[in-house]
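These notes are about the structure you will find just below.
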There are 2 protein chains.
Amino acid sequence: MRRSEIRGHLLDTALRLFNQHGYHATGIDLIIAEAGIAKTTLYRHFATKEDLILAALERRDEEDRLAVRTFVEQRTSDPVERLLATFDFLETTVRDKQFRGCIFMSAAGEHKDTVDPVFRASSMHKRLALAYFEELAHAARFAEPKRIAAEINLLHEGAVAVAQITRIVEPARQAKRMAQQLLAAEERLTPPARGGDAGERTQTS
Amino acid sequence: MRRSEIRGHLLDTALRLFNQHGYHATGIDLIIAEAGIAKTTLYRHFATKEDLILAALERRDEEDRLAVRTFVEQRTSDPVERLLATFDFLETTVRDKQFRGCIFMSAAGEHKDTVDPVFRASSMHKRLALAYFEELAHAARFAEPKRIAAEINLLHEGAVAVAQITRIVEPARQAKRMAQQLLAAEERLTPPARGGDAGERTQTS
DNA sequence: TAAAAACGATACCAATCTGTATCGTTCTTG
DNA sequence: CAAGAACGATACAGATTGGTATCGTTTTTA
């Protein structure tokens, strides 16, 4: 393995093990054994285990946000359909055999103190995920994009939580149907496809 | 302290610490120190730490299910209103200064293997919570009580997850409003209050 | 009230934890 | 190609983990 790849390989291995066993239950010795890297080398890249956790979460945060954007944007250009497509993306992640819940929720669950850097990193990820929903809800010209985004976000979190316990895909599909019904009943500032009537509010149910 | 109370006191202390720091991060030494009980005594009541965790979850499971039933049933007798009242109960638990998320979700998050007894205990609690929603949805004569219950359940889990990260109460209220809109649009087998028309399906929106 | 059980205190055990020190080898890079 | 940095391997440190052994004291109970 080239030395420039070691850091990334360590992060990938750590993420896999954190997802599989959790953060406290995953020891440094297991990580280096699975990665096939010396302990000295790990500590040359990351000062502490907490630093490793934070770096892993940061990497995953960027990967995830890029992945959902890519998935959604290449599927449709309509903002409402994009909001719904996020649930299809969710379904693919839940369908993964390695799915054991959201690693950020797990991280926050094991580092419950709000001032803990790991909690803050998880919190930041969730805030950015919500921001994407807001971006889409705004583009869809909903009358209350922030509220819509929060509702979509709540459905996402609910689906992941239920799927974490049941280990079935159905919650993701159910959440999508709920989102569908929810969005269909919402006010828009202007109708999306038809040339709208002077920016006035329009009921589209 | 009377000796008959020691077991319960240990469970309460353990639950408080598990909620505060998580399961792996809470050591036996901390539990006995906080409880003011000798280690020997703890291990006379519980064979292993896992046994202590399981007993604590069992205790909390019964407490919680009784508490929500009591709260809901003394508030209203209408099944639909009772479904909505579960969100008010949720709001009180989230409003608690000690709220750090659902201890069963945390337990499942730290014991991710589906055959792990702790995971199974958490899973069982969630199954029983869902069963209560089904009971209420059935009493409300919804056409599809199982689906309704699953949707209510998903909203609950979503609200708890979002509240765990944000540490605000709003998700619980938002989930209730979503449930309200959801239930209002649902078919019922017979109208609840008015003497119904021969058991046929009725749209009540 | 007397015997039995449970208690507290403490010392202890082996295993595991995160993190460091040492040192010979390999890779990178100027 | 040579110097310096990064690597692997190993041993080790100090703290902490879950759990046990011992024993004198207190409480329960028959």
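Ordering of the structure tokens sets the chain letters (A, B, ...), residue numbers begin anew at 1 in every chain, and ligands are numbered from 1 in the order given.
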Discussion item. Distance cut-off 9 Å, counting only C-alpha atoms (C1' of nucleotides) - which residues of chain D neighbour chain A? Return them as a list in words.
Written reply: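 Every residue of chain D that passes the 9 Å test is in DA6, DC7, DG8 and DA9 of chain D.
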Write out, as a PDB file, in the first residue's frame, the residues just selected, with N, CA and C atoms (P, O5', C5', C4', C3', O3' and C1' of nucleotides).
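Output file out-v5.pdb is given in full below:
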ATOM      1  P    DA D   6       6.985  12.391   8.037  1.00  0.00           P
ATOM      2  O5'  DA D   6       6.579  10.879   7.725  1.00  0.00           O
ATOM      3  C5'  DA D   6       6.379  10.477   6.378  1.00  0.00           C
ATOM      4  C4'  DA D   6       6.327   8.979   6.301  1.00  0.00           C
ATOM      5  C3'  DA D   6       5.374   8.342   7.324  1.00  0.00           C
ATOM      6  O3'  DA D   6       4.533   7.413   6.658  1.00  0.00           O
ATOM      7  C1'  DA D   6       7.492   7.317   7.417  1.00  0.00           C
ATOM      8  P    DC D   7       3.368   6.685   7.397  1.00  0.00           P
ATOM      9  O5'  DC D   7       3.951   5.215   7.617  1.00  0.00           O
ATOM     10  C5'  DC D   7       4.151   4.384   6.483  1.00  0.00           C
ATOM     11  C4'  DC D   7       5.046   3.230   6.834  1.00  0.00           C
ATOM     12  C3'  DC D   7       4.504   2.289   7.898  1.00  0.00           C
ATOM     13  O3'  DC D   7       3.724   1.274   7.294  1.00  0.00           O
ATOM     14  C1'  DC D   7       6.885   2.681   8.116  1.00  0.00           C
ATOM     15  P    DG D   8       2.797   0.336   8.200  1.00  0.00           P
ATOM     16  O5'  DG D   8       3.806  -0.726   8.788  1.00  0.00           O
ATOM     17  C5'  DG D   8       4.573  -1.517   7.902  1.00  0.00           C
ATOM     18  C4'  DG D   8       5.388  -2.531   8.686  1.00  0.00           C
ATOM     19  C3'  DG D   8       4.587  -3.309   9.734  1.00  0.00           C
ATOM     20  O3'  DG D   8       4.988  -4.674   9.707  1.00  0.00           O
ATOM     21  C1'  DG D   8       6.342  -2.122  10.798  1.00  0.00           C
ATOM     22  P    DA D   9       4.227  -5.778  10.588  1.00  0.00           P
ATOM     23  O5'  DA D   9       5.160  -5.936  11.868  1.00  0.00           O
ATOM     24  C5'  DA D   9       6.570  -5.935  11.704  1.00  0.00           C
ATOM     25  C4'  DA D   9       7.232  -6.087  13.067  1.00  0.00           C
ATOM     26  C3'  DA D   9       6.358  -6.749  14.123  1.00  0.00           C
ATOM     27  O3'  DA D   9       7.084  -7.787  14.753  1.00  0.00           O
ATOM     28  C1'  DA D   9       7.177  -4.666  14.919  1.00  0.00           C
TER      29       DA D   9
END
Practice prompt. Residues of chain A near chain C: apply a cut-off of 12 Å, count only C-alpha atoms (C1' of nucleotides), and supply the list as a PyMOL selection string.
Written response: chain A and resi 1-4+24-30+39-40+42-44+46-50
Would you mind exporting the chosen residues as a PDB file, in the first residue's frame, restricted to C-alpha atoms?
ATOM      1  CA  MET A   1       0.000   0.000   0.000  1.00  0.00           C
ATOM      2  CA  ARG A   2       1.264   3.443  -0.903  1.00  0.00           C
ATOM      3  CA  ARG A   3       1.848   5.668   2.065  1.00  0.00           C
ATOM      4  CA  SER A   4      -0.392   8.379   0.745  1.00  0.00           C
ATOM      5  CA  HIS A  24     -16.345   2.575  22.621  1.00  0.00           C
ATOM      6  CA  ALA A  25     -16.479  -1.111  21.754  1.00  0.00           C
ATOM      7  CA  THR A  26     -14.008  -0.660  18.891  1.00  0.00           C
ATOM      8  CA  GLY A  27     -10.487  -0.638  20.265  1.00  0.00           C
ATOM      9  CA  ILE A  28      -7.428   0.820  18.622  1.00  0.00           C
ATOM     10  CA  ASP A  29      -5.823  -2.624  18.539  1.00  0.00           C
ATOM     11  CA  LEU A  30      -8.715  -3.994  16.488  1.00  0.00           C
ATOM     12  CA  LYS A  39      -0.035   1.314  15.971  1.00  0.00           C
ATOM     13  CA  THR A  40       2.811   3.785  15.678  1.00  0.00           C
ATOM     14  CA  LEU A  42      -1.928   5.285  13.345  1.00  0.00           C
ATOM     15  CA  TYR A  43      -0.787   7.638  16.076  1.00  0.00           C
ATOM     16  CA  ARG A  44       1.401   9.492  13.615  1.00  0.00           C
ATOM     17  CA  PHE A  46      -4.135  10.872  14.484  1.00  0.00           C
ATOM     18  CA  ALA A  47      -3.125  12.237  17.855  1.00  0.00           C
ATOM     19  CA  THR A  48      -5.874  10.488  19.799  1.00  0.00           C
ATOM     20  CA  LYS A  49      -8.725   8.067  19.247  1.00  0.00           C
ATOM     21  CA  GLU A  50     -11.117  10.991  19.405  1.00  0.00           C
TER      22      GLU A  50
END
Enumerate, in order of chain and increasing residue number, the residues of chain A with an atom no farther than 9 Å from chain B, each with its shortest atom pair and distance in Å to one decimal, counting only C-alpha atoms, as a Markdown table.
| residue | atom | partner | partner_atom | distance |
| --- | --- | --- | --- | --- |
| A:Asn19 | CA | B:Lys112 | CA | 8.5 |
| A:Gln20 | CA | B:Lys112 | CA | 6.9 |
| A:His21 | CA | B:Lys112 | CA | 6.5 |
| A:Gly22 | CA | B:Glu110 | CA | 5.6 |
| A:Tyr23 | CA | B:Glu110 | CA | 8.1 |
| A:His24 | CA | B:His24 | CA | 6.3 |
| A:Ala25 | CA | B:His24 | CA | 7.1 |
| A:Arg100 | CA | B:Lys112 | CA | 6.4 |
| A:Gly101 | CA | B:Gly109 | CA | 7.5 |
| A:Ile103 | CA | B:Gly109 | CA | 8.9 |
| A:Met105 | CA | B:Ala161 | CA | 7.7 |
| A:Ser106 | CA | B:Gly109 | CA | 5.5 |
| A:Ala107 | CA | B:Gly109 | CA | 8.8 |
| A:Ala108 | CA | B:Ile165 | CA | 7.3 |
| A:Gly109 | CA | B:Ser106 | CA | 5.5 |
| A:Glu110 | CA | B:Gly22 | CA | 5.6 |
| A:His111 | CA | B:His21 | CA | 7.1 |
| A:Lys112 | CA | B:Arg100 | CA | 6.4 |
| A:Asp113 | CA | B:His21 | CA | 8.0 |
| A:Thr114 | CA | B:Ile165 | CA | 8.5 |
| A:Phe119 | CA | B:Ile165 | CA | 8.1 |
| A:Arg120 | CA | B:Ile165 | CA | 9.0 |
| A:Ser122 | CA | B:Ile165 | CA | 7.9 |
| A:Ser123 | CA | B:Ile165 | CA | 5.8 |
| A:Lys126 | CA | B:Ile165 | CA | 7.9 |
| A:Arg147 | CA | B:Gln174 | CA | 8.8 |
| A:Ala150 | CA | B:Pro171 | CA | 8.3 |
| A:Glu151 | CA | B:Gln174 | CA | 7.5 |
| A:Asn153 | CA | B:Gly158 | CA | 8.1 |
| A:Leu154 | CA | B:Gly158 | CA | 4.8 |
| A:Leu155 | CA | B:Gly158 | CA | 5.9 |
| A:His156 | CA | B:Gly158 | CA | 7.1 |
| A:Glu157 | CA | B:Gly158 | CA | 4.7 |
| A:Gly158 | CA | B:Gly158 | CA | 3.4 |
| A:Ala159 | CA | B:Leu154 | CA | 6.2 |
| A:Val160 | CA | B:Gly158 | CA | 8.3 |
| A:Ala161 | CA | B:Glu157 | CA | 6.2 |
| A:Val162 | CA | B:Leu154 | CA | 6.6 |
| A:Gln164 | CA | B:Ala108 | CA | 8.2 |
| A:Ile165 | CA | B:Ser123 | CA | 5.8 |
| A:Thr166 | CA | B:Ser123 | CA | 7.3 |
| A:Arg167 | CA | B:Thr114 | CA | 8.7 |
| A:Pro171 | CA | B:Leu154 | CA | 7.6 |
| A:Gln174 | CA | B:Glu151 | CA | 7.5 |
| A:Ala175 | CA | B:Leu154 | CA | 7.7 |
| A:Met178 | CA | B:Glu151 | CA | 7.9 |
| A:Gln181 | CA | B:Leu182 | CA | 8.5 |
| A:Leu182 | CA | B:Leu182 | CA | 8.2 |
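One finds atom CA of Arg173 of chain A at 22.6 Å from atom CA of His138 of chain B.
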Discussion item. Could you check the closest approach to Arg59 of chain A for each of A:Arg95, A:Gly8, A:Val80, A:Glu34 and tell me which residue wins, using only C-alpha atoms?
Written reply: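 Among the listed residues, the smallest separation from Arg59 of chain A belongs to A:Gly8.
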Worksheet item: Mind pulling up the distance from atom CA of Ala137 of chain A to atom CA of Glu187 of chain A?
Response: 11.4 Å
Item to complete: Could you find all residues in chain A that DSSP calls alpha helix (DSSP H) from the backbone, and write them as a VMD selection string?
Response: chain A and resid 6 to 21 28 to 35 39 to 45 49 to 73 79 to 95 103 to 110 117 to 139 145 to 166 170 to 184
Worksheet item: Contacts of Arg65 of chain B at 9 Å or less, counting only C-alpha atoms (C1' of nucleotides), minus same-chain residues fewer than 6 places along, as a list in words?
Response: His125, Leu128, Ala129 and Tyr132 of chain B
Keeping C-alpha atoms for every residue in the selection just given, could you write it to a file as a PDB file, in the first residue's frame?
ATOM      1  CA  HIS B 125     -39.667  -2.650  23.767  1.00  0.00           C
ATOM      2  CA  LEU B 128     -44.597  -3.342  22.385  1.00  0.00           C
ATOM      3  CA  ALA B 129     -44.733   0.402  21.817  1.00  0.00           C
ATOM      4  CA  TYR B 132     -49.993   0.064  21.747  1.00  0.00           C
TER       5      TYR B 132
END
